[in-house]
>>> print(open('start.tsv').read())   # TSV, C-alpha atoms
chain	number	residue	atom	x	y	z
A	140	MET	CA	-8.55	11.11	25.88
A	141	LYS	CA	-6.99	8.05	24.27
A	142	LYS	CA	-7.83	7.69	20.60
A	143	ARG	CA	-9.78	4.66	19.43
A	144	LYS	CA	-7.95	2.43	16.98
A	145	ALA	CA	-9.75	1.95	13.67
A	146	VAL	CA	-8.73	-0.07	10.63
A	147	VAL	CA	-10.35	1.42	7.52
A	148	SER	CA	-10.76	-0.68	4.37
A	149	LEU	CA	-11.19	1.36	1.18
A	150	GLY	CA	-13.01	-0.10	-1.82
A	151	HIS	CA	-12.84	0.82	-5.51
A	152	GLU	CA	-15.18	3.80	-5.02
A	153	ALA	CA	-12.57	5.46	-2.81
A	154	LEU	CA	-9.91	5.21	-5.52
A	155	GLY	CA	-11.52	5.28	-8.94
A	156	TYR	CA	-10.58	3.05	-11.85
A	157	THR	CA	-8.04	5.11	-13.84
A	158	THR	CA	-5.07	7.32	-12.99
A	159	THR	CA	-7.01	10.56	-13.38
A	160	GLU	CA	-10.06	9.19	-11.56
A	161	GLN	CA	-7.78	8.19	-8.69
A	162	TRP	CA	-6.33	11.69	-8.39
A	163	ASP	CA	-9.82	13.10	-7.94
A	164	ALA	CA	-11.16	10.24	-5.82
A	165	VAL	CA	-8.39	10.26	-3.21
A	166	LYS	CA	-9.01	13.96	-2.50
A	167	LYS	CA	-12.57	13.14	-1.45
A	168	THR	CA	-11.37	10.03	0.35
A	169	ALA	CA	-8.81	12.08	2.27
A	170	LYS	CA	-11.57	14.39	3.53
A	171	ALA	CA	-13.59	11.43	4.83
A	172	LEU	CA	-10.52	9.94	6.52
A	173	ALA	CA	-9.56	13.28	8.06
A	174	ASP	CA	-13.10	13.57	9.45
A	175	LEU	CA	-12.57	10.27	11.24
A	176	ALA	CA	-9.17	11.38	12.52
A	177	GLN	CA	-10.73	14.55	13.93
A	178	ALA	CA	-13.35	12.36	15.61
A	179	ASP	CA	-10.50	10.87	17.69
A	180	TYR	CA	-9.77	7.74	15.67
A	181	GLN	CA	-6.20	6.57	15.10
A	182	LEU	CA	-6.34	5.24	11.55
A	183	THR	CA	-4.68	2.29	9.89
A	184	ILE	CA	-5.77	2.16	6.26
A	185	THR	CA	-5.88	-0.64	3.74
A	186	HIS	CA	-7.26	-0.50	0.23
A	187	SER	CA	-8.32	-2.39	-2.88
A	188	ASN	CA	-6.16	-2.53	-6.00
A	189	GLY	CA	-8.14	-4.52	-8.57
A	190	PRO	CA	-8.21	-1.98	-11.41
A	191	GLN	CA	-4.72	-0.73	-10.58
A	192	VAL	CA	-2.96	-4.11	-10.50
A	193	SER	CA	-4.77	-5.15	-13.69
A	194	MET	CA	-3.60	-1.94	-15.39
A	195	ILE	CA	0.00	-2.56	-14.32
A	196	HIS	CA	-0.12	-6.21	-15.34
A	197	LYS	CA	-1.55	-5.28	-18.74
A	198	ALA	CA	1.09	-2.58	-19.28
A	199	MET	CA	3.98	-4.87	-18.39
A	200	THR	CA	2.57	-7.68	-20.56
A	201	GLU	CA	2.26	-5.29	-23.51
A	202	LEU	CA	5.82	-4.08	-22.95
A	203	ARG	CA	7.03	-7.65	-23.09
A	204	ARG	CA	5.00	-8.30	-26.26
A	205	VAL	CA	6.34	-5.21	-28.04
A	206	ASN	CA	9.90	-5.61	-26.79
A	207	PRO	CA	10.88	-9.25	-26.11
A	208	ASP	CA	14.12	-8.10	-24.45
A	209	TYR	CA	12.08	-7.23	-21.35
A	210	THR	CA	11.44	-10.16	-19.05
A	211	PRO	CA	7.87	-10.93	-17.91
A	212	VAL	CA	6.87	-9.29	-14.63
A	213	PRO	CA	5.51	-11.67	-11.97
A	214	MET	CA	2.10	-11.01	-10.45
A	215	CYS	CA	3.66	-10.40	-7.03
A	216	VAL	CA	5.76	-7.57	-8.49
A	217	CYS	CA	2.66	-6.02	-10.09
A	218	SER	CA	1.04	-6.15	-6.65
A	219	ALA	CA	4.03	-4.39	-5.11
A	220	MET	CA	3.90	-1.70	-7.80
A	221	SER	CA	0.20	-1.12	-7.13
A	222	GLN	CA	0.83	-0.77	-3.38
A	223	GLY	CA	3.36	1.96	-3.99
A	224	TYR	CA	1.26	3.71	-6.63
A	225	VAL	CA	-2.00	3.75	-4.67
A	226	GLY	CA	-0.30	4.30	-1.31
A	227	TYR	CA	1.53	7.34	-2.68
A	228	ASP	CA	-1.70	9.00	-3.82
A	229	ILE	CA	-3.55	8.31	-0.55
A	230	GLN	CA	-0.58	9.34	1.58
A	231	ASN	CA	0.00	12.56	-0.32
A	232	SER	CA	-3.68	13.61	-0.34
A	233	LEU	CA	-4.26	12.68	3.29
A	234	ARG	CA	-1.13	14.48	4.45
A	235	SER	CA	-2.28	17.63	2.62
A	236	GLU	CA	-5.78	17.35	4.09
A	237	TYR	CA	-4.38	16.86	7.59
A	238	LEU	CA	-2.14	19.91	7.31
A	239	SER	CA	-4.98	22.06	5.96
A	240	ARG	CA	-6.88	21.23	9.17
A	241	GLY	CA	-3.93	21.79	11.47
A	242	ILE	CA	-3.38	18.06	12.08
A	243	SER	CA	0.29	17.18	12.39
A	244	THR	CA	-0.12	13.37	12.40
A	245	PRO	CA	2.48	11.71	10.13
A	246	VAL	CA	1.20	9.49	7.32
A	247	SER	CA	3.27	6.61	5.95
A	248	THR	CA	2.84	3.73	3.52
A	249	ILE	CA	4.30	0.35	4.39
A	250	LEU	CA	5.07	-2.04	1.54
A	251	THR	CA	3.48	-5.15	3.02
A	252	MET	CA	3.96	-8.84	2.33
A	253	VAL	CA	1.44	-11.47	3.44
A	254	THR	CA	2.22	-15.17	3.66
A	255	VAL	CA	-0.07	-17.72	2.05
A	256	ASP	CA	-0.21	-21.52	2.12
A	257	PRO	CA	1.27	-23.06	-1.07
A	258	TYR	CA	-1.27	-25.87	-0.68
A	259	ASP	CA	-4.25	-23.54	-0.38
A	260	GLU	CA	-7.10	-24.93	-2.49
A	261	ALA	CA	-7.31	-21.59	-4.32
A	262	PHE	CA	-4.10	-22.45	-6.20
A	263	TYR	CA	-5.86	-25.45	-7.72
A	264	GLU	CA	-9.02	-23.52	-8.59
A	265	PRO	CA	-8.01	-19.92	-9.46
A	266	ASN	CA	-10.93	-17.55	-10.05
A	267	LYS	CA	-9.65	-13.96	-9.94
A	268	VAL	CA	-9.69	-12.42	-13.45
A	269	ILE	CA	-6.87	-10.00	-14.32
A	270	GLY	CA	-5.38	-8.26	-17.34
A	271	ARG	CA	-6.56	-7.68	-20.91
A	272	TYR	CA	-8.35	-9.96	-23.36
A	273	MET	CA	-5.96	-12.25	-25.22
A	274	THR	CA	-6.05	-14.12	-28.52
A	275	ARG	CA	-6.01	-17.92	-28.66
A	276	GLU	CA	-2.28	-17.87	-29.44
A	277	GLU	CA	-1.51	-15.61	-26.49
A	278	ALA	CA	-3.69	-17.73	-24.21
A	279	ASP	CA	-1.87	-20.89	-25.32
A	280	ALA	CA	1.45	-19.22	-24.52
A	281	GLU	CA	0.20	-18.41	-21.01
A	282	ILE	CA	-0.92	-22.02	-20.52
A	283	GLN	CA	2.52	-23.25	-21.62
A	284	LYS	CA	4.03	-21.05	-18.90
A	285	GLY	CA	1.83	-22.80	-16.33
A	286	ASN	CA	-0.72	-19.99	-15.99
A	287	TYR	CA	-4.50	-20.33	-16.05
A	288	VAL	CA	-6.78	-18.63	-18.56
A	289	LEU	CA	-10.53	-18.20	-18.88
A	290	GLU	CA	-12.40	-17.97	-22.18
A	291	VAL	CA	-15.00	-15.20	-22.37
A	292	ALA	CA	-17.48	-15.88	-25.15
A	293	GLY	CA	-17.11	-13.46	-28.04
A	294	LYS	CA	-14.28	-11.51	-26.41
A	295	GLY	CA	-11.27	-13.80	-26.12
A	296	PHE	CA	-9.28	-15.09	-23.18
A	297	ARG	CA	-8.21	-13.56	-19.87
A	298	ARG	CA	-5.74	-14.73	-17.28
A	299	ILE	CA	-7.04	-15.88	-13.91
A	300	VAL	CA	-5.04	-16.20	-10.71
A	301	ALA	CA	-5.56	-17.75	-7.30
A	302	ALA	CA	-6.97	-15.85	-4.31
A	303	PRO	CA	-5.59	-17.77	-1.29
A	304	ARG	CA	-6.42	-17.02	2.34
A	305	PRO	CA	-3.88	-14.81	4.15
A	306	LEU	CA	-1.83	-16.40	6.92
A	307	ASP	CA	0.49	-13.79	8.46
A	308	ILE	CA	1.26	-10.13	7.80
A	309	VAL	CA	5.05	-10.05	7.57
A	310	GLU	CA	5.49	-6.37	8.53
A	311	ILE	CA	2.89	-6.39	11.33
A	312	ASP	CA	5.41	-5.36	14.01
A	313	THR	CA	6.37	-2.27	12.00
A	314	ILE	CA	2.72	-1.40	11.37
A	315	ARG	CA	1.86	-1.88	15.06
A	316	THR	CA	4.80	0.27	16.21
A	317	LEU	CA	3.72	3.18	14.02
A	318	ALA	CA	0.05	2.78	14.94
A	319	ASP	CA	0.87	2.64	18.66
A	320	ALA	CA	2.82	5.87	18.20
A	321	GLY	CA	-0.38	7.51	16.95
A	322	GLN	CA	0.63	7.72	13.31
A	323	THR	CA	-1.63	7.05	10.32
A	324	VAL	CA	-0.45	3.96	8.47
A	325	ILE	CA	-1.38	2.72	5.00
A	326	ALA	CA	-0.63	-1.00	4.79
A	327	CYS	CA	-1.60	-4.32	3.21
A	328	GLY	CA	-2.74	-2.55	0.04
A	329	GLY	CA	-4.57	-4.79	-2.39
A	330	GLY	CA	-4.55	-7.57	0.20
A	331	GLY	CA	-0.77	-7.45	0.53
A	332	ILE	CA	1.94	-8.95	-1.66
A	333	PRO	CA	1.33	-12.71	-1.50
A	334	VAL	CA	4.46	-14.64	-0.56
A	335	ILE	CA	5.25	-18.25	0.29
A	336	GLU	CA	7.67	-18.91	3.15
A	337	GLN	CA	10.51	-21.27	2.28
A	338	LYS	CA	12.75	-21.49	5.34
A	339	HIS	CA	14.12	-17.93	5.68
A	340	ILE	CA	13.20	-16.92	2.12
A	341	LEU	CA	9.91	-15.33	1.09
A	342	LYS	CA	9.03	-16.20	-2.49
A	343	GLY	CA	6.40	-14.20	-4.37
A	344	ALA	CA	3.27	-16.13	-5.33
A	345	SER	CA	1.26	-15.77	-8.53
A	346	ALA	CA	-1.91	-14.78	-6.69
A	347	VAL	CA	-3.93	-11.96	-5.22
A	348	ILE	CA	-5.38	-11.74	-1.71
A	349	GLU	CA	-8.93	-10.60	-1.00
A	350	LYS	CA	-8.58	-7.10	0.48
A	351	ASP	CA	-11.53	-7.51	2.86
A	352	SER	CA	-10.00	-10.69	4.22
A	353	ILE	CA	-6.71	-8.96	5.00
A	354	ALA	CA	-8.57	-5.99	6.53
A	355	GLY	CA	-10.14	-8.34	9.06
A	356	ARG	CA	-6.77	-9.90	9.80
A	357	LEU	CA	-5.08	-6.51	10.15
A	358	ALA	CA	-7.79	-5.30	12.55
A	359	SER	CA	-7.50	-8.40	14.72
A	360	ASP	CA	-3.67	-8.30	14.78
A	361	LEU	CA	-3.78	-4.65	15.90
A	362	ARG	CA	-6.62	-5.34	18.38
A	363	ALA	CA	-8.46	-2.45	16.76
A	364	ASP	CA	-11.57	-1.08	18.46
A	365	LEU	CA	-13.32	-0.72	15.13
A	366	LEU	CA	-13.10	-2.15	11.62
A	367	ILE	CA	-14.62	0.25	9.09
A	368	ILE	CA	-15.35	-1.22	5.66
A	369	LEU	CA	-16.15	1.53	3.16
A	370	THR	CA	-17.95	0.33	0.07
A	371	GLY	CA	-20.44	1.46	-2.58
A	372	VAL	CA	-23.61	1.24	-0.47
A	373	GLU	CA	-24.76	3.07	2.66
A	374	GLN	CA	-25.45	-0.13	4.60
A	375	VAL	CA	-25.90	-3.88	4.28
A	376	TYR	CA	-29.25	-4.93	2.85
A	377	ARG	CA	-31.49	-7.95	2.93
A	378	ASN	CA	-32.72	-8.88	-0.58
A	379	PHE	CA	-30.33	-6.35	-2.09
A	380	GLY	CA	-31.43	-5.01	-5.47
A	381	GLN	CA	-34.95	-6.39	-5.19
A	382	GLU	CA	-38.24	-4.55	-4.67
A	383	ASP	CA	-38.37	-5.62	-1.02
A	384	GLN	CA	-34.77	-4.56	-0.31
A	385	LYS	CA	-34.40	-3.61	3.34
A	386	GLY	CA	-31.47	-2.06	5.18
A	387	ILE	CA	-29.91	-3.82	8.17
A	388	PRO	CA	-28.77	-1.21	10.71
A	389	ALA	CA	-27.28	-3.76	13.14
A	390	MET	CA	-26.66	-7.48	13.47
A	391	THR	CA	-24.64	-9.98	15.46
A	392	THR	CA	-22.17	-12.43	13.97
A	393	GLU	CA	-24.70	-15.19	14.61
A	394	GLN	CA	-27.33	-13.31	12.61
A	395	ALA	CA	-24.76	-12.61	9.90
A	396	GLN	CA	-23.99	-16.32	9.61
A	397	ALA	CA	-27.70	-17.06	9.28
A	398	LEU	CA	-27.97	-14.53	6.44
A	399	ILE	CA	-24.96	-16.11	4.73
A	400	ALA	CA	-26.71	-19.48	4.94
A	401	GLU	CA	-29.75	-17.89	3.27
A	402	GLY	CA	-27.55	-16.73	0.39
A	403	GLN	CA	-28.21	-13.06	1.10
A	404	PHE	CA	-24.70	-11.81	0.24
A	405	GLY	CA	-23.04	-11.84	-3.18
A	406	GLN	CA	-19.80	-13.81	-3.56
A	407	GLY	CA	-18.04	-10.96	-5.32
A	408	ASP	CA	-19.30	-8.03	-3.25
A	409	MET	CA	-20.80	-8.19	0.26
A	410	LEU	CA	-19.97	-11.77	1.29
A	411	PRO	CA	-16.18	-11.21	1.72
A	412	LYS	CA	-16.93	-8.16	3.88
A	413	ILE	CA	-19.29	-10.08	6.17
A	414	GLU	CA	-16.81	-12.96	6.42
A	415	ALA	CA	-14.03	-10.52	7.32
A	416	ALA	CA	-16.26	-9.00	10.01
A	417	ILE	CA	-16.96	-12.40	11.53
A	418	ALA	CA	-13.27	-13.38	11.49
A	419	TYR	CA	-12.23	-10.12	13.19
A	420	LEU	CA	-14.92	-10.31	15.88
A	421	ASP	CA	-13.99	-13.91	16.59
A	422	LYS	CA	-10.51	-12.66	17.58
A	423	VAL	CA	-11.61	-9.32	19.10
A	424	PRO	CA	-15.10	-10.00	20.55
A	425	GLU	CA	-15.28	-6.57	22.18
A	426	GLY	CA	-14.74	-4.86	18.81
A	427	ARG	CA	-17.25	-3.49	16.29
A	428	VAL	CA	-17.50	-3.58	12.52
A	429	LEU	CA	-19.04	-0.75	10.54
A	430	ILE	CA	-20.01	-1.14	6.88
A	431	THR	CA	-21.08	1.97	4.97
A	432	SER	CA	-20.23	4.23	2.02
A	433	ILE	CA	-17.32	6.64	2.08
A	434	SER	CA	-19.63	9.66	1.83
A	435	ARG	CA	-21.44	8.60	5.02
A	436	ALA	CA	-18.40	7.42	6.99
A	437	LEU	CA	-18.49	10.06	9.73
A	438	GLU	CA	-22.27	9.84	10.14
A	439	ALA	CA	-21.98	6.07	10.41
A	440	ALA	CA	-19.20	6.35	13.00
A	441	ARG	CA	-21.60	8.51	15.03
A	442	GLY	CA	-24.28	5.84	14.82
A	443	LYS	CA	-26.57	7.67	12.38
A	444	THR	CA	-26.37	5.25	9.44
A	445	GLY	CA	-24.49	2.23	8.13
A	446	THR	CA	-24.55	-1.33	9.45
A	447	VAL	CA	-22.90	-2.23	12.76
A	448	ILE	CA	-21.86	-5.83	13.39
A	449	THR	CA	-21.00	-7.07	16.88
A	450	LYS	CA	-20.10	-10.44	18.38
>>> encode(input="start.tsv", output="structure tokens")
Amino acid sequence: MKKRKAVVSLGHEALGYTTTEQWDAVKKTAKALADLAQADYQLTITHSNGPQVSMIHKAMTELRRVNPDYTPVPMCVCSAMSQGYVGYDIQNSLRSEYLSRGISTPVSTILTMVTVDPYDEAFYEPNKVIGRYMTREEADAEIQKGNYVLEVAGKGFRRIVAAPRPLDIVEIDTIRTLADAGQTVIACGGGGIPVIEQKHILKGASAVIEKDSIAGRLASDLRADLLIILTGVEQVYRNFGQEDQKGIPAMTTEQAQALIAEGQFGQGDMLPKIEAAIAYLDKVPEGRVLITSISRALEAARGKTGTVITK
């Protein structure tokens, strides 16, 4: 029987927030992913990188502060570092889990670039917070370099960067070739490395890409049968966090848009996931989107929990 293609988007809960947390978290994540592989899904995996890229950015900034001989590291390079760092841990743990179950499927990580529009409105109104708290002097130095900073009352200043919409996944042909060969691919980590196309040159952008947004794009480019978004809750809820909170086991994209209009989904949590689902199903109307927690992934894939979104 032909395996169903699934793009799996991993949130922070699947990775942890520190190096040691990540070591432990990816072992549990690998078990959940291997469960899906044994349920006849061919997996292409993408993941968040918020804590990881912030850690790298902070470390490289501190290195520059302590030793001025080191040049500043651009945000796009920090993103590339985080892809390799997180991808390595997932790849290694998943390969080990596969082999322990007698699964011989190769696992590979593809360093992935994603083009963005240099005139995207996000570049004029950056809102993604990264890095450590800075003093006024350090913040002024960042402003002089053309970067944006945000003052946090009583704590100092933090750098903020743009979160533009993704246009094209540069390595999509490589990802598709490996996926079509039945391999497990880890790609577009942290939303991908944002780049701006200038003729035949790809220039790194000082930005980050929303990982849910790129998950929807990756699923549509691969014509995946299923987009699985693993997050911190078992399913999508109406009136989340309130006394009358109620789970939504299934909805259509039309119903999802109505709930967005009601303001049911938070800008920094569930809204990007719902928007990614709608974008994917617009391109692949026969597909399905599943939103659930990593601990319930297999149950949700079997229709026992989670939220299913269809066209």
>>> closest_residue(input="start.tsv", among="A:Thr370, A:Thr323, A:Thr446, A:Asn266", to="Lys350 of chain A", atoms="all atoms listed in the file")
A:Thr370
>>> closest_residue(input="start.tsv", among="A:Leu238, A:Leu317, A:Ile348, A:Leu341", to="Lys267 of chain A", atoms="all atoms listed in the file")
A:Ile348
>>> closest_residue(input="start.tsv", among="A:Arg362, A:Lys294, A:Lys422, A:Arg240", to="Arg315 of chain A", atoms="all atoms listed in the file")
A:Arg362
>>> atom_distance(input="start.tsv", atom1="atom CA of Leu182 of chain A", atom2="atom CA of Val334 of chain A")
25.7 Å
>>> atom_distance(input="start.tsv", atom1="atom CA of Ser148 of chain A", atom2="atom CA of Met199 of chain A")
27.4 Å
>>> atom_distance(input="start.tsv", atom1="atom CA of Val291 of chain A", atom2="atom CA of Glu160 of chain A")
27.1 Å
>>> closest_residue(input="start.tsv", among="A:Ala397, A:Ala302, A:Ala164, A:Met390", to="Ser345 of chain A", atoms="only C-alpha atoms")
A:Ala302
>>> decode(input="start.tsv", residues="segment 148-183 of chain A", atoms="N, CA and C atoms", output="mmCIF file, in the first residue's frame")
data_model
loop_
_atom_site.group_PDB
_atom_site.id
_atom_site.type_symbol
_atom_site.label_atom_id
_atom_site.label_comp_id
_atom_site.auth_asym_id
_atom_site.auth_seq_id
_atom_site.Cartn_x
_atom_site.Cartn_y
_atom_site.Cartn_z
ATOM 1 N N SER A 148 4.651 19.635 11.457
ATOM 2 C CA SER A 148 5.236 20.862 11.995
ATOM 3 C C SER A 148 5.376 20.721 13.505
ATOM 4 N N LEU A 149 6.612 20.819 13.992
ATOM 5 C CA LEU A 149 6.905 20.657 15.412
ATOM 6 C C LEU A 149 7.023 22.020 16.096
ATOM 7 N N GLY A 150 6.323 22.185 17.211
ATOM 8 C CA GLY A 150 6.403 23.420 17.981
ATOM 9 C C GLY A 150 7.459 23.344 19.068
ATOM 10 N N HIS A 151 7.498 24.357 19.925
ATOM 11 C CA HIS A 151 8.520 24.433 20.975
ATOM 12 C C HIS A 151 8.459 23.232 21.923
ATOM 13 N N GLU A 152 7.235 22.731 22.176
ATOM 14 C CA GLU A 152 7.087 21.621 23.124
ATOM 15 C C GLU A 152 7.822 20.373 22.649
ATOM 16 N N ALA A 153 8.000 20.233 21.353
ATOM 17 C CA ALA A 153 8.678 19.063 20.801
ATOM 18 C C ALA A 153 10.192 19.162 20.913
ATOM 19 N N LEU A 154 10.689 20.361 21.273
ATOM 20 C CA LEU A 154 12.132 20.588 21.250
ATOM 21 C C LEU A 154 12.708 21.073 22.568
ATOM 22 N N GLY A 155 11.874 21.633 23.432
ATOM 23 C CA GLY A 155 12.404 22.222 24.650
ATOM 24 C C GLY A 155 12.971 23.606 24.395
ATOM 25 N N TYR A 156 13.527 24.200 25.440
ATOM 26 C CA TYR A 156 13.994 25.584 25.344
ATOM 27 C C TYR A 156 15.490 25.733 25.595
ATOM 28 N N THR A 157 16.156 24.685 26.069
ATOM 29 C CA THR A 157 17.598 24.745 26.301
ATOM 30 C C THR A 157 18.239 23.517 25.655
ATOM 31 N N THR A 158 19.563 23.498 25.629
ATOM 32 C CA THR A 158 20.279 22.378 25.008
ATOM 33 C C THR A 158 19.928 21.055 25.674
ATOM 34 N N THR A 159 19.954 21.018 26.995
ATOM 35 C CA THR A 159 19.657 19.763 27.697
ATOM 36 C C THR A 159 18.181 19.393 27.571
ATOM 37 N N GLU A 160 17.296 20.376 27.624
ATOM 38 C CA GLU A 160 15.872 20.096 27.422
ATOM 39 C C GLU A 160 15.643 19.497 26.037
ATOM 40 N N GLN A 161 16.361 20.016 25.045
ATOM 41 C CA GLN A 161 16.189 19.532 23.680
ATOM 42 C C GLN A 161 16.622 18.075 23.545
ATOM 43 N N TRP A 162 17.716 17.715 24.195
ATOM 44 C CA TRP A 162 18.169 16.317 24.149
ATOM 45 C C TRP A 162 17.074 15.364 24.630
ATOM 46 N N ASP A 163 16.427 15.754 25.726
ATOM 47 C CA ASP A 163 15.369 14.905 26.284
ATOM 48 C C ASP A 163 14.100 14.968 25.432
ATOM 49 N N ALA A 164 13.761 16.180 24.984
ATOM 50 C CA ALA A 164 12.505 16.366 24.248
ATOM 51 C C ALA A 164 12.506 15.622 22.909
ATOM 52 N N VAL A 165 13.627 15.661 22.187
ATOM 53 C CA VAL A 165 13.627 15.040 20.862
ATOM 54 C C VAL A 165 13.514 13.512 20.932
ATOM 55 N N LYS A 166 13.897 12.923 22.070
ATOM 56 C CA LYS A 166 13.721 11.474 22.226
ATOM 57 C C LYS A 166 12.241 11.117 22.261
ATOM 58 N N LYS A 167 11.456 11.922 22.992
ATOM 59 C CA LYS A 167 10.004 11.708 23.028
ATOM 60 C C LYS A 167 9.377 12.049 21.680
ATOM 61 N N THR A 168 9.874 13.118 21.065
ATOM 62 C CA THR A 168 9.368 13.518 19.754
ATOM 63 C C THR A 168 9.627 12.427 18.724
ATOM 64 N N ALA A 169 10.812 11.819 18.784
ATOM 65 C CA ALA A 169 11.159 10.760 17.837
ATOM 66 C C ALA A 169 10.202 9.580 17.956
ATOM 67 N N LYS A 170 9.769 9.260 19.174
ATOM 68 C CA LYS A 170 8.821 8.157 19.362
ATOM 69 C C LYS A 170 7.480 8.468 18.703
ATOM 70 N N ALA A 171 7.012 9.716 18.868
ATOM 71 C CA ALA A 171 5.746 10.117 18.252
ATOM 72 C C ALA A 171 5.844 10.101 16.732
ATOM 73 N N LEU A 172 6.973 10.552 16.195
ATOM 74 C CA LEU A 172 7.163 10.555 14.744
ATOM 75 C C LEU A 172 7.272 9.135 14.199
ATOM 76 N N ALA A 173 7.973 8.269 14.932
ATOM 77 C CA ALA A 173 8.104 6.875 14.500
ATOM 78 C C ALA A 173 6.755 6.163 14.523
ATOM 79 N N ASP A 174 5.901 6.527 15.483
ATOM 80 C CA ASP A 174 4.540 5.975 15.510
ATOM 81 C C ASP A 174 3.800 6.304 14.221
ATOM 82 N N LEU A 175 3.947 7.547 13.764
ATOM 83 C CA LEU A 175 3.288 7.966 12.524
ATOM 84 C C LEU A 175 3.884 7.241 11.314
ATOM 85 N N ALA A 176 5.200 7.055 11.339
ATOM 86 C CA ALA A 176 5.845 6.333 10.233
ATOM 87 C C ALA A 176 5.350 4.891 10.170
ATOM 88 N N GLN A 177 5.180 4.272 11.332
ATOM 89 C CA GLN A 177 4.678 2.893 11.362
ATOM 90 C C GLN A 177 3.198 2.812 10.986
ATOM 91 N N ALA A 178 2.506 3.951 11.046
ATOM 92 C CA ALA A 178 1.106 3.999 10.624
ATOM 93 C C ALA A 178 0.995 4.322 9.134
ATOM 94 N N ASP A 179 2.097 4.106 8.408
ATOM 95 C CA ASP A 179 2.150 4.255 6.948
ATOM 96 C C ASP A 179 2.088 5.699 6.465
ATOM 97 N N TYR A 180 2.749 6.585 7.199
ATOM 98 C CA TYR A 180 2.918 7.957 6.719
ATOM 99 C C TYR A 180 4.370 8.172 6.310
ATOM 100 N N GLN A 181 4.562 8.775 5.142
ATOM 101 C CA GLN A 181 5.894 9.224 4.733
ATOM 102 C C GLN A 181 6.028 10.645 5.259
ATOM 103 N N LEU A 182 7.027 10.891 6.109
ATOM 104 C CA LEU A 182 7.106 12.135 6.848
ATOM 105 C C LEU A 182 8.104 13.130 6.257
ATOM 106 N N THR A 183 7.649 14.367 6.155
ATOM 107 C CA THR A 183 8.537 15.503 5.938
ATOM 108 C C THR A 183 8.316 16.418 7.135
#
